[in-house]
$ cat work_17.cif   # mmCIF, C-alpha atoms
data_start
#
loop_
_atom_site.label_atom_id
_atom_site.label_comp_id
_atom_site.auth_asym_id
_atom_site.auth_seq_id
_atom_site.Cartn_x
_atom_site.Cartn_y
_atom_site.Cartn_z
CA MET A 27 -218.56 187.14 -25.57
CA ALA A 28 -217.22 184.35 -27.73
CA ARG A 29 -217.97 184.51 -31.41
CA VAL A 30 -217.63 182.23 -34.39
CA ILE A 31 -215.50 184.00 -36.99
CA GLY A 32 -215.87 181.32 -39.63
CA GLY A 33 -215.50 177.72 -40.61
CA ILE A 34 -213.24 175.50 -42.64
CA GLY A 35 -214.04 172.23 -44.38
CA THR A 36 -211.06 170.08 -45.27
CA SER A 37 -210.18 166.48 -46.10
CA HIS A 38 -207.94 164.61 -43.68
CA ILE A 39 -206.10 162.17 -45.96
CA PRO A 40 -203.62 160.11 -43.89
CA GLN A 41 -200.94 160.03 -46.61
CA VAL A 42 -200.74 163.82 -46.29
CA GLY A 43 -199.54 163.34 -42.71
CA VAL A 44 -196.81 161.02 -43.98
CA ALA A 45 -195.76 163.58 -46.61
CA PHE A 46 -195.77 166.30 -43.93
CA ASP A 47 -193.56 164.32 -41.55
CA ARG A 48 -191.14 163.46 -44.37
CA LYS A 49 -191.05 167.15 -45.40
CA LEU A 50 -192.18 166.45 -48.96
CA GLN A 51 -194.20 169.68 -49.27
CA GLU A 52 -191.92 171.14 -51.96
CA THR A 53 -191.63 167.98 -54.06
CA PRO A 54 -193.31 167.99 -57.50
CA GLU A 55 -195.73 165.30 -56.32
CA TRP A 56 -196.95 167.22 -53.29
CA LYS A 57 -196.38 170.93 -53.93
CA PRO A 58 -199.60 171.57 -55.87
CA PHE A 59 -201.58 170.03 -53.02
CA PHE A 60 -199.84 171.83 -50.14
CA ASP A 61 -199.95 175.15 -52.05
CA GLY A 62 -203.73 174.88 -52.06
CA TYR A 63 -203.72 175.52 -48.31
CA VAL A 64 -201.69 178.74 -48.31
CA PRO A 65 -204.70 181.09 -48.62
CA ALA A 66 -206.37 179.31 -45.69
CA GLN A 67 -203.20 179.73 -43.61
CA GLN A 68 -203.11 183.42 -44.53
CA TRP A 69 -206.74 183.87 -43.52
CA LEU A 70 -205.97 182.28 -40.14
CA GLU A 71 -202.94 184.53 -39.68
CA ARG A 72 -205.09 187.55 -40.43
CA THR A 73 -208.08 186.60 -38.28
CA ARG A 74 -206.15 184.93 -35.44
CA PRO A 75 -208.74 182.68 -33.81
CA ASP A 76 -208.11 181.76 -30.17
CA VAL A 77 -209.84 178.41 -30.32
CA ALA A 78 -210.45 175.78 -33.00
CA ILE A 79 -213.30 173.35 -32.65
CA VAL A 80 -212.22 170.37 -34.70
CA ILE A 81 -214.94 167.98 -35.82
CA TYR A 82 -213.30 164.75 -36.89
CA ASN A 83 -213.55 161.01 -36.62
CA ASP A 84 -211.22 158.48 -35.08
CA HIS A 85 -209.95 155.71 -37.37
CA GLY A 86 -208.74 153.35 -34.69
CA ALA A 87 -206.31 155.34 -32.60
CA ASP A 88 -208.31 155.75 -29.40
CA LEU A 89 -211.91 154.83 -30.20
CA PHE A 90 -213.08 151.42 -31.34
CA ILE A 91 -216.32 149.65 -32.20
CA ASP A 92 -216.27 147.84 -28.85
CA LYS A 93 -218.12 150.96 -27.63
CA MET A 94 -218.42 153.60 -30.29
CA PRO A 95 -219.91 156.96 -29.29
CA THR A 96 -222.00 158.68 -31.93
CA PHE A 97 -220.70 162.01 -30.65
CA ALA A 98 -217.81 162.61 -28.26
CA VAL A 99 -216.44 165.88 -26.90
CA GLY A 100 -212.90 166.16 -25.56
CA VAL A 101 -212.63 168.02 -22.23
CA ALA A 102 -208.90 167.45 -21.64
CA ASP A 103 -206.06 169.88 -20.98
CA ALA A 104 -204.18 168.40 -23.94
CA TYR A 105 -204.62 165.82 -26.69
CA PRO A 106 -201.61 163.65 -27.59
CA PRO A 107 -201.09 162.18 -31.05
CA GLY A 108 -202.38 158.60 -31.02
CA ASP A 109 -200.80 155.45 -32.37
CA GLU A 110 -202.67 154.25 -35.45
CA GLY A 111 -200.34 151.31 -35.99
CA TRP A 112 -197.22 153.12 -37.22
CA GLY A 113 -196.28 154.68 -33.88
CA PRO A 114 -197.41 158.15 -32.77
CA ARG A 115 -196.45 160.94 -35.16
CA PRO A 116 -193.68 163.29 -33.98
CA LEU A 117 -196.07 166.11 -33.13
CA PRO A 118 -196.76 168.04 -29.94
CA ASP A 119 -199.90 167.56 -27.91
CA ALA A 120 -202.68 169.89 -28.99
CA GLN A 121 -203.54 172.24 -26.13
CA GLY A 122 -207.11 171.99 -24.95
CA ASP A 123 -209.55 174.47 -23.44
CA PRO A 124 -211.38 172.53 -20.72
CA ASP A 125 -213.47 175.54 -19.67
CA LEU A 126 -214.93 175.90 -23.13
CA SER A 127 -215.17 172.13 -23.60
CA TRP A 128 -217.24 171.69 -20.44
CA HIS A 129 -219.37 174.67 -21.37
CA ILE A 130 -220.05 173.06 -24.76
CA VAL A 131 -220.90 169.72 -23.15
CA GLU A 132 -223.32 171.37 -20.72
CA SER A 133 -224.92 173.42 -23.44
CA LEU A 134 -225.21 170.48 -25.87
CA VAL A 135 -226.97 168.38 -23.25
CA GLU A 136 -229.40 171.26 -22.59
CA SER A 137 -230.03 171.18 -26.36
CA GLU A 138 -230.76 167.44 -26.10
CA PHE A 139 -227.50 166.28 -27.64
CA ASP A 140 -225.82 163.76 -25.34
CA PRO A 141 -222.17 163.30 -26.24
CA MET A 142 -219.67 160.98 -24.66
CA ILE A 143 -217.43 163.13 -22.45
CA ALA A 144 -213.73 162.36 -22.96
CA GLN A 145 -211.25 163.29 -20.22
CA GLU A 146 -208.51 161.53 -22.15
CA LEU A 147 -208.40 161.43 -25.90
CA ALA A 148 -205.55 160.67 -28.27
CA VAL A 149 -206.15 162.12 -31.72
CA ASP A 150 -205.35 160.64 -35.12
CA HIS A 151 -205.00 161.79 -38.72
CA GLY A 152 -208.62 162.87 -38.79
CA PHE A 153 -207.67 165.67 -36.40
CA LEU A 154 -203.93 166.06 -36.99
CA VAL A 155 -203.77 166.34 -40.78
CA PRO A 156 -206.10 169.37 -40.84
CA MET A 157 -204.03 170.96 -38.03
CA ASN A 158 -200.81 170.38 -40.02
CA LEU A 159 -202.35 171.85 -43.16
CA LEU A 160 -203.88 174.91 -41.54
CA TRP A 161 -201.05 175.69 -39.10
CA PRO A 162 -197.93 174.05 -40.58
CA ASN A 163 -195.63 175.42 -37.87
CA GLU A 164 -196.82 175.94 -34.32
CA TRP A 165 -200.44 175.61 -33.33
CA PRO A 166 -201.43 179.01 -31.96
CA VAL A 167 -204.90 177.87 -30.93
CA ARG A 168 -206.49 175.90 -28.14
CA VAL A 169 -208.66 173.08 -29.42
CA VAL A 170 -211.92 171.35 -28.65
CA PRO A 171 -212.09 168.02 -30.49
CA ILE A 172 -215.53 166.68 -31.32
CA ALA A 173 -215.55 163.13 -32.67
CA ILE A 174 -218.43 161.83 -34.77
CA ASN A 175 -218.93 158.16 -35.52
CA VAL A 176 -218.75 157.69 -39.27
CA ILE A 177 -217.41 154.12 -39.11
CA GLN A 178 -219.95 151.90 -37.38
CA HIS A 179 -223.29 152.17 -39.14
CA PRO A 180 -225.83 153.45 -38.41
CA VAL A 181 -223.87 156.70 -38.39
CA PRO A 182 -225.82 159.90 -37.68
CA THR A 183 -227.80 161.49 -40.48
CA ALA A 184 -226.57 164.58 -42.29
CA ALA A 185 -229.50 166.48 -40.79
CA ARG A 186 -228.50 165.41 -37.28
CA CYS A 187 -224.96 166.68 -37.82
CA TRP A 188 -226.34 169.97 -39.10
CA LYS A 189 -228.43 170.30 -35.93
CA LEU A 190 -225.35 169.49 -33.85
CA GLY A 191 -223.67 172.44 -35.56
CA LYS A 192 -226.62 174.67 -34.64
CA ALA A 193 -226.42 173.52 -31.00
CA LEU A 194 -222.69 174.09 -31.02
CA ARG A 195 -223.21 177.62 -32.31
CA ALA A 196 -225.73 178.35 -29.54
CA ALA A 197 -223.17 177.11 -27.01
CA ILE A 198 -220.40 179.34 -28.35
CA ASP A 199 -222.69 182.38 -28.57
CA ALA A 200 -223.55 181.92 -24.88
CA TYR A 201 -219.93 181.56 -23.72
CA PRO A 202 -219.02 184.60 -21.61
CA LYS A 203 -215.30 184.77 -22.40
CA ASP A 204 -214.08 186.97 -25.23
CA GLU A 205 -212.82 184.32 -27.65
CA LYS A 206 -212.62 184.10 -31.41
CA VAL A 207 -213.61 180.63 -32.54
CA VAL A 208 -213.08 178.83 -35.84
CA VAL A 209 -215.01 175.62 -36.51
CA ILE A 210 -213.32 172.98 -38.64
CA GLY A 211 -215.18 170.09 -40.28
CA THR A 212 -212.97 167.33 -41.63
CA GLY A 213 -213.09 164.23 -43.83
CA GLY A 214 -214.07 163.30 -47.35
CA MET A 215 -214.30 164.24 -50.06
CA SER A 216 -215.33 161.43 -52.44
CA HIS A 217 -213.53 158.18 -51.77
CA GLN A 218 -214.07 154.50 -51.34
CA LEU A 219 -211.32 152.55 -49.63
CA HIS A 220 -212.75 149.05 -49.62
CA GLY A 221 -214.55 146.38 -51.62
CA GLU A 222 -214.73 145.82 -55.36
CA ARG A 223 -215.69 149.46 -55.77
CA VAL A 224 -212.43 150.63 -54.18
CA GLY A 225 -211.04 153.77 -55.82
CA PHE A 226 -214.40 155.33 -56.72
CA LEU A 227 -214.08 159.13 -56.98
CA SER A 228 -216.56 161.78 -58.06
CA ARG A 229 -215.45 165.23 -59.09
CA THR A 230 -219.09 165.96 -60.00
CA PHE A 231 -220.46 165.23 -56.54
CA ASP A 232 -217.60 166.98 -54.74
CA ASN A 233 -218.04 170.21 -56.66
CA TYR A 234 -221.79 170.08 -56.19
CA PHE A 235 -221.17 169.61 -52.45
CA LEU A 236 -218.75 172.55 -52.29
CA ASP A 237 -221.21 174.77 -54.18
CA LYS A 238 -224.12 173.88 -51.94
CA LEU A 239 -222.14 173.99 -48.71
CA GLU A 240 -221.66 177.66 -49.35
CA SER A 241 -225.00 178.67 -50.83
CA ASP A 242 -227.66 176.14 -49.77
CA PRO A 243 -226.31 173.74 -47.15
CA GLN A 244 -229.79 172.62 -46.10
CA GLU A 245 -230.08 170.79 -49.42
CA LEU A 246 -227.09 168.68 -48.36
CA THR A 247 -228.81 167.78 -45.09
CA ARG A 248 -231.57 166.09 -47.08
CA ILE A 249 -229.18 163.68 -48.81
CA THR A 250 -229.44 160.23 -47.24
CA ARG A 251 -226.40 158.40 -45.96
CA ARG A 252 -227.08 155.83 -48.67
CA ASP A 253 -226.87 158.49 -51.33
CA TYR A 254 -223.65 159.97 -49.94
CA MET A 255 -222.14 156.50 -50.17
CA ASP A 256 -223.60 155.79 -53.59
CA ARG A 257 -222.75 159.15 -55.17
CA ALA A 258 -219.38 159.80 -53.52
CA GLY A 259 -218.09 156.42 -52.25
CA ALA A 260 -218.73 154.58 -48.99
CA GLU A 261 -216.14 156.41 -46.90
CA ALA A 262 -217.33 159.79 -48.22
CA VAL A 263 -220.10 159.60 -45.65
CA GLU A 264 -217.49 161.53 -43.62
CA LEU A 265 -218.78 164.64 -45.39
CA ILE A 266 -221.59 164.80 -42.84
CA MET A 267 -218.93 166.25 -40.52
CA TRP A 268 -218.64 169.29 -42.80
CA LEU A 269 -222.35 169.89 -42.22
CA ALA A 270 -221.81 170.03 -38.46
CA MET A 271 -219.28 172.81 -39.18
CA ARG A 272 -221.58 174.60 -41.60
CA GLY A 273 -224.48 174.42 -39.14
CA ALA A 274 -222.40 176.49 -36.70
CA LEU A 275 -222.00 179.34 -39.22
CA ASP A 276 -224.32 182.13 -40.28
CA ALA A 277 -226.88 181.35 -42.98
CA ARG A 278 -225.03 183.71 -45.30
CA VAL A 279 -221.27 183.47 -45.40
CA ARG A 280 -218.44 184.90 -47.46
CA ARG A 281 -216.25 182.36 -49.25
CA VAL A 282 -212.60 183.23 -48.64
CA HIS A 283 -211.03 180.26 -50.42
CA ARG A 284 -211.85 177.02 -52.18
CA PHE A 285 -209.49 174.34 -53.43
CA TYR A 286 -209.99 170.93 -54.97
CA MET A 287 -207.80 168.15 -56.30
CA THR A 288 -208.44 164.52 -57.21
CA PRO A 289 -207.04 162.01 -56.62
CA VAL A 290 -204.73 162.64 -53.68
CA SER A 291 -203.67 159.22 -52.38
CA LEU A 292 -206.96 157.31 -52.66
CA SER A 293 -209.32 160.25 -52.05
CA SER A 294 -210.49 163.51 -53.46
CA ALA A 295 -209.09 166.46 -51.53
CA GLY A 296 -211.20 169.53 -50.84
CA LEU A 297 -210.86 172.72 -48.84
CA ILE A 298 -213.26 175.57 -48.24
CA VAL A 299 -212.89 178.61 -45.98
CA LEU A 300 -216.11 180.42 -45.08
CA GLU A 301 -216.26 183.62 -43.06
CA ASN A 302 -219.22 184.78 -40.99
CA MET B 6 -237.43 153.48 -41.56
CA PRO B 7 -233.77 152.42 -41.61
CA GLU B 8 -232.02 153.16 -44.88
CA THR B 9 -231.17 150.31 -47.22
CA TYR B 10 -227.97 150.33 -49.21
CA ASP B 11 -227.41 146.74 -50.26
CA ASP B 12 -227.94 147.79 -53.87
CA ILE B 13 -224.63 149.72 -53.90
CA GLN B 14 -222.35 147.35 -55.77
CA GLY B 15 -218.95 146.26 -54.50
CA THR B 16 -219.52 147.88 -51.10
CA TYR B 17 -219.66 146.39 -47.61
CA VAL B 18 -221.34 149.06 -45.50
CA TYR B 19 -220.03 148.46 -41.99
CA ASP B 20 -223.36 147.93 -40.28
CA GLY B 21 -224.43 145.58 -37.51
CA ARG B 22 -224.32 142.57 -39.82
CA MET B 23 -220.72 143.26 -40.84
CA ALA B 24 -219.66 144.12 -37.29
CA ARG B 25 -221.11 140.87 -35.96
CA ARG B 26 -219.47 138.83 -38.68
CA GLY B 27 -216.11 140.51 -38.33
CA TYR B 28 -215.80 141.77 -34.79
CA ALA B 29 -213.03 139.34 -33.78
CA LEU B 30 -211.06 140.14 -36.93
CA SER B 31 -211.48 143.90 -36.50
CA LYS B 32 -210.56 143.61 -32.84
CA MET B 33 -207.39 141.67 -33.65
CA ALA B 34 -206.45 144.27 -36.27
CA MET B 35 -207.24 147.17 -33.91
CA SER B 36 -204.99 145.64 -31.26
CA LEU B 37 -202.04 146.38 -33.56
CA ALA B 38 -202.39 150.05 -32.65
CA LYS B 39 -200.21 149.15 -29.65
CA LYS B 40 -196.48 148.65 -30.10
CA GLU B 41 -196.20 145.65 -27.75
CA ASN B 42 -198.96 143.90 -29.70
CA ARG B 43 -197.24 144.55 -33.03
CA GLU B 44 -194.09 143.04 -31.59
CA ALA B 45 -196.00 140.00 -30.30
CA PHE B 46 -197.68 139.56 -33.69
CA VAL B 47 -194.37 139.66 -35.54
CA ARG B 48 -192.78 137.29 -33.01
CA ASP B 49 -195.43 134.58 -33.38
CA GLU B 50 -198.24 135.35 -35.78
CA ASP B 51 -200.15 132.11 -35.22
CA ALA B 52 -200.14 132.40 -31.45
CA TYR B 53 -201.18 136.03 -31.67
CA ILE B 54 -204.12 135.33 -33.98
CA ASP B 55 -205.21 132.46 -31.71
CA ARG B 56 -205.96 134.92 -28.93
CA TYR B 57 -208.81 136.52 -30.86
CA GLY B 58 -211.04 133.60 -31.93
CA LEU B 59 -211.11 134.22 -35.66
CA THR B 60 -212.96 131.80 -37.93
CA PRO B 61 -210.72 129.51 -40.04
CA GLU B 62 -211.60 131.58 -43.12
CA GLN B 63 -210.70 134.87 -41.41
CA ARG B 64 -207.50 133.34 -40.13
CA ALA B 65 -206.51 132.16 -43.61
CA ALA B 66 -207.24 135.61 -45.04
CA VAL B 67 -205.03 137.27 -42.41
CA LYS B 68 -202.22 134.78 -42.97
CA ALA B 69 -202.40 135.40 -46.73
CA ARG B 70 -202.76 139.19 -46.26
CA ASP B 71 -205.79 138.89 -48.52
CA TYR B 72 -207.35 142.27 -47.80
CA ALA B 73 -210.31 141.89 -50.14
CA LYS B 74 -211.21 138.69 -48.32
CA MET B 75 -210.74 140.24 -44.88
CA ILE B 76 -213.18 142.99 -45.83
CA ALA B 77 -215.75 140.51 -47.15
CA LEU B 78 -215.43 138.54 -43.90
CA GLY B 79 -216.28 141.55 -41.77
CA GLY B 80 -212.95 143.27 -41.22
CA ASN B 81 -213.34 147.03 -41.14
CA ILE B 82 -211.02 148.78 -43.59
CA TYR B 83 -209.57 151.23 -41.05
CA TYR B 84 -208.64 148.51 -38.57
CA VAL B 85 -207.45 146.01 -41.18
CA PHE B 86 -205.20 148.76 -42.61
CA LYS B 87 -203.06 148.45 -39.48
CA LEU B 88 -201.86 145.03 -40.66
CA THR B 89 -200.05 146.80 -43.49
CA ALA B 90 -197.88 148.67 -40.98
CA LEU B 91 -196.16 145.49 -39.82
CA LYS B 92 -193.72 145.39 -42.70
CA ALA B 93 -192.24 148.31 -44.63
CA GLY B 94 -195.67 149.95 -44.61
CA MET B 95 -198.25 150.18 -47.33
CA LYS B 96 -199.92 153.34 -48.57
CA MET B 97 -203.71 153.40 -48.59
CA SER B 98 -203.57 153.45 -52.40
CA GLU B 99 -201.45 150.28 -52.31
CA LEU B 100 -204.06 148.69 -50.09
CA GLY B 101 -206.59 149.74 -52.72
CA ALA B 102 -204.53 148.17 -55.50
CA SER B 103 -204.16 144.99 -53.47
CA GLN B 104 -207.94 144.70 -53.09
CA ALA B 105 -208.44 145.40 -56.79
CA GLY B 106 -205.82 142.78 -57.68
CA LEU B 107 -203.85 145.25 -59.78
CA PRO B 108 -200.28 146.57 -59.74
CA HIS B 109 -200.16 149.94 -57.94
CA GLU B 110 -199.48 152.06 -61.03
CA ALA B 111 -202.15 150.32 -63.08
CA PHE B 112 -204.64 150.82 -60.25
CA LEU B 113 -203.87 154.54 -60.00
CA GLU B 114 -204.27 154.91 -63.76
CA LYS B 115 -207.60 153.08 -63.61
CA ILE B 116 -209.05 155.22 -60.82
CA ARG B 117 -207.94 158.44 -62.56
CA LYS B 118 -209.59 157.33 -65.77
CA GLU B 119 -212.82 156.39 -64.02
CA ILE B 120 -213.42 159.60 -62.07
CA VAL B 121 -217.02 160.68 -62.61
#
$ encode --input "work_17.cif" --output "C-alpha cells"
Amino acid sequence: MARVIGGIGTSHIPQVGVAFDRKLQETPEWKPFFDGYVPAQQWLERTRPDVAIVIYNDHGADLFIDKMPTFAVGVADAYPPGDEGWGPRPLPDAQGDPDLSWHIVESLVESEFDPMIAQELAVDHGFLVPMNLLWPNEWPVRVVPIAINVIQHPVPTAARCWKLGKALRAAIDAYPKDEKVVVIGTGGMSHQLHGERVGFLSRTFDNYFLDKLESDPQELTRITRRDYMDRAGAEAVELIMWLAMRGALDARVRRVHRFYMTPVSLSSAGLIVLEN
Amino acid sequence: MPETYDDIQGTYVYDGRMARRGYALSKMAMSLAKKENREAFVRDEDAYIDRYGLTPEQRAAVKARDYAKMIALGGNIYYVFKLTALKAGMKMSELGASQAGLPHEAFLEKIRKEIV
C-alpha cells in the first residue's frame, strides 16, 4: 500500500530559480539561503520517496484568469517547464505518475472535491523552485502536481485546503501500489508584491505560522483569507497551500528541519520538514 | 457571508471587481508568456496593444511602464510582471521599488527596516 512518509512546506520565490540557473548557490548573497535546504535534501536522500505530490499555484505560465480552476490535478506522463515570459528554464520535464494521478482524481471526486483534470500542464516557478531546492541535481521522484487558485479571488478558504489535504491522504492510503509519498506545499511566506503596501513582511506572523503548522494546524485553518493578507501581505494568501500539505499528514508529526530567512528577494523564505 | 478586505491599506485584492476592470490589461500582459508575442510587442508596441482593447488610461500606463498605475487599473501583478522581461529583465524587488517610487537599494533598506 502507498503511504505518506511526510510533508514539506517551502516558499517558491522566483528569483531563487534565477540564482539556481546562474549557479549562484555558493555566492555570499545566496549561500546562507541555499544552505538552509541541505537538511531537507539529506532527509529526502535518507527516506527516498517514490512520488512527490506538489501543491503549487501557476503564476501565468499555463493557467490564466480566462478560466481559472480552483483546484487542478495533473494526470500527464510528464510536465515541461513553462514560459513565464523569460523563456522556459533549462530544466528537464518532471516525470509524472498518471496511474496515481487518476486514482487521486477519482478518489477526490468521491470525496466531493471536483478538480480540473489536466492532461497537459506546463509548470512554473511555483512548482520548479521547490524541486530545485529539494533535489538540486536529478529528480528521483515521479510527481503529481496539484494547482490551487490563489490569484483570482475568491480563492479557497484555508479550511477548504485543509480538507483537500485530508481527502488527498485518504486517496493515497487507498492506493494499492507500494509507494512512498511525500507531500509538498509551496508558496509564501509573508510578502506583498503590489500596491502602496508593496514590500510588507512579517517575521512575527511567519514564525507563528511555522509553530502552529507543526503543533496546532487547525488553528491556522480558522484564519480568514482577509487576515492572511492583512497579517502577512496580500500574496501570502499562498500559505493556504501549506495547509493542504499539512492536512495530508498525521495529527502528530516529528519536525525534522525548519529554516527561515527574510527578506529573500521580495518575500520571506520558509522551510519546514515534517515526518509522519 | 463573503469576506471584506477593503480596509487593508495600499492593497488591491484581485477580486471580481479588479478582474473586470483590468481583464484586457492582464490578458495583454499574459500574452507575453509566448515568445512570438514578445517579439511582436517589441516590433510594434502600439499595434500590439491595440489588439487587446485597453482603456486610454491603461494604455498610457503600459506605454510609461507605470507599474503602480497598471495595478490600480486592474492589472494583476503576476501578469504585469511579464512586461519587465521585455528588456534586460527586472527582478521582482525592482518591480517593488518601481511601484514604491524608490531607488532599488533604498527600497530594500526600507522593507528590511519595516519588517514586523
$ atom_distance --input "work_17.cif" --atom1 "CA of Lys87 in chain B" --atom2 "CA of Leu37 in chain B"
6.4 Å
$ resolve_selection --input "work_17.cif" --expression "the PyMOL selection byres ((chain A and resi 246-251) around 9)" --output "JSON, numbers by chain"
{"A": [181, 182, 183, 184, 185, 186, 187, 188, 235, 238, 239, 242, 243, 244, 245, 252, 253, 254, 255, 256, 263, 266, 269], "B": [8, 10]}
$ write_last_selection --input "work_17.cif" --atoms "C-alpha atoms" --output "mmCIF file, in the coordinates of the input"
data_model
loop_
_atom_site.group_PDB
_atom_site.id
_atom_site.type_symbol
_atom_site.label_atom_id
_atom_site.label_comp_id
_atom_site.auth_asym_id
_atom_site.auth_seq_id
_atom_site.Cartn_x
_atom_site.Cartn_y
_atom_site.Cartn_z
ATOM 1 C CA VAL A 181 -223.870 156.700 -38.390
ATOM 2 C CA PRO A 182 -225.820 159.900 -37.680
ATOM 3 C CA THR A 183 -227.800 161.490 -40.480
ATOM 4 C CA ALA A 184 -226.570 164.580 -42.290
ATOM 5 C CA ALA A 185 -229.500 166.480 -40.790
ATOM 6 C CA ARG A 186 -228.500 165.410 -37.280
ATOM 7 C CA CYS A 187 -224.960 166.680 -37.820
ATOM 8 C CA TRP A 188 -226.340 169.970 -39.100
ATOM 9 C CA PHE A 235 -221.170 169.610 -52.450
ATOM 10 C CA LYS A 238 -224.120 173.880 -51.940
ATOM 11 C CA LEU A 239 -222.140 173.990 -48.710
ATOM 12 C CA ASP A 242 -227.660 176.140 -49.770
ATOM 13 C CA PRO A 243 -226.310 173.740 -47.150
ATOM 14 C CA GLN A 244 -229.790 172.620 -46.100
ATOM 15 C CA GLU A 245 -230.080 170.790 -49.420
ATOM 16 C CA ARG A 252 -227.080 155.830 -48.670
ATOM 17 C CA ASP A 253 -226.870 158.490 -51.330
ATOM 18 C CA TYR A 254 -223.650 159.970 -49.940
ATOM 19 C CA MET A 255 -222.140 156.500 -50.170
ATOM 20 C CA ASP A 256 -223.600 155.790 -53.590
ATOM 21 C CA VAL A 263 -220.100 159.600 -45.650
ATOM 22 C CA ILE A 266 -221.590 164.800 -42.840
ATOM 23 C CA LEU A 269 -222.350 169.890 -42.220
ATOM 24 C CA GLU B 8 -232.020 153.160 -44.880
ATOM 25 C CA TYR B 10 -227.970 150.330 -49.210
#
$ resolve_selection --input "work_17.cif" --expression "the PyMOL selection byres ((chain A) within 6 of (chain B))" --output "list in words"
His85, Asp109, Glu110, Gly111, Trp112, Gln178, His179, Gly221, Glu222, Arg223, Gly225, Leu227, Ser228, Arg229, Arg252, Ser291 and Leu292 of chain A
$ write_last_selection --input "work_17.cif" --atoms "C-alpha atoms" --output "PDB file, keeping the file's coordinate frame"
ATOM      1  CA  HIS A  85    -209.950 155.710 -37.370  1.00  0.00           C
ATOM      2  CA  ASP A 109    -200.800 155.450 -32.370  1.00  0.00           C
ATOM      3  CA  GLU A 110    -202.670 154.250 -35.450  1.00  0.00           C
ATOM      4  CA  GLY A 111    -200.340 151.310 -35.990  1.00  0.00           C
ATOM      5  CA  TRP A 112    -197.220 153.120 -37.220  1.00  0.00           C
ATOM      6  CA  GLN A 178    -219.950 151.900 -37.380  1.00  0.00           C
ATOM      7  CA  HIS A 179    -223.290 152.170 -39.140  1.00  0.00           C
ATOM      8  CA  GLY A 221    -214.550 146.380 -51.620  1.00  0.00           C
ATOM      9  CA  GLU A 222    -214.730 145.820 -55.360  1.00  0.00           C
ATOM     10  CA  ARG A 223    -215.690 149.460 -55.770  1.00  0.00           C
ATOM     11  CA  GLY A 225    -211.040 153.770 -55.820  1.00  0.00           C
ATOM     12  CA  LEU A 227    -214.080 159.130 -56.980  1.00  0.00           C
ATOM     13  CA  SER A 228    -216.560 161.780 -58.060  1.00  0.00           C
ATOM     14  CA  ARG A 229    -215.450 165.230 -59.090  1.00  0.00           C
ATOM     15  CA  ARG A 252    -227.080 155.830 -48.670  1.00  0.00           C
ATOM     16  CA  SER A 291    -203.670 159.220 -52.380  1.00  0.00           C
ATOM     17  CA  LEU A 292    -206.960 157.310 -52.660  1.00  0.00           C
TER      18      LEU A 292
END
$ resolve_selection --input "work_17.cif" --expression "the PyMOL selection byres ((chain A and resi 127) around 12)" --output "PyMOL selection string"
chain A and resi 77-80+98-104+121-126+128-134+141+143-145+168-172+194+197-198+201
$ atom_distance --input "work_17.cif" --atom1 "CA of Pro118 in chain A" --atom2 "CA of Leu70 in chain A"
19.8 Å
$ atom_distance --input "work_17.cif" --atom1 "CA of Phe46 in chain A" --atom2 "CA of Arg284 in chain A"
21.0 Å
$ residues_near_point --input "work_17.cif" --point "(-223.5, 173.1, -37.1)" --cutoff "7 Å" --atoms "only C-alpha atoms" --output "MDAnalysis selection string"
chainID A and resid 187:195 269:275
$ closest_residue --input "work_17.cif" --among "A:Gly211, A:Pro162, A:Pro202, A:Gly35" --to "Gln51 in chain A" --atoms "all atoms listed in the file"
A:Pro162
$ residues_near_point --input "work_17.cif" --point "(-212.8, 162.7, -39.7)" --cutoff "7 Å" --atoms "only C-alpha atoms" --output "ChimeraX atom specification"
/A:38,81-84,152-153,212-213,264
$ build_atoms --input "work_17.cif" --residues "range 235-245 of chain A" --atoms "N, CA and C atoms" --output "compact mmCIF listing (two decimals), in the coordinates of the input"
# COMPACT_ATOMS: atom_id res chain seq x y z
N PHE A 235 -221.17 169.48 -53.91
CA PHE A 235 -221.17 169.61 -52.45
C PHE A 235 -220.54 170.94 -52.02
N LEU A 236 -219.42 171.29 -52.64
CA LEU A 236 -218.75 172.55 -52.29
C LEU A 236 -219.63 173.75 -52.64
N ASP A 237 -220.29 173.69 -53.79
CA ASP A 237 -221.21 174.77 -54.18
C ASP A 237 -222.31 174.94 -53.14
N LYS A 238 -222.95 173.82 -52.82
CA LYS A 238 -224.12 173.88 -51.94
C LYS A 238 -223.73 174.18 -50.49
N LEU A 239 -222.57 173.73 -50.09
CA LEU A 239 -222.14 173.99 -48.71
C LEU A 239 -222.13 175.49 -48.45
N GLU A 240 -221.72 176.21 -49.47
CA GLU A 240 -221.66 177.66 -49.35
C GLU A 240 -223.05 178.30 -49.46
N SER A 241 -223.80 177.89 -50.47
CA SER A 241 -225.00 178.67 -50.83
C SER A 241 -226.31 178.09 -50.28
N ASP A 242 -226.39 176.76 -50.17
CA ASP A 242 -227.66 176.14 -49.77
C ASP A 242 -227.39 174.85 -49.01
N PRO A 243 -226.74 174.96 -47.85
CA PRO A 243 -226.31 173.74 -47.15
C PRO A 243 -227.47 172.85 -46.73
N GLN A 244 -228.66 173.45 -46.55
CA GLN A 244 -229.79 172.62 -46.10
C GLN A 244 -230.13 171.54 -47.12
N GLU A 245 -229.84 171.84 -48.41
CA GLU A 245 -230.08 170.79 -49.42
C GLU A 245 -229.22 169.56 -49.12
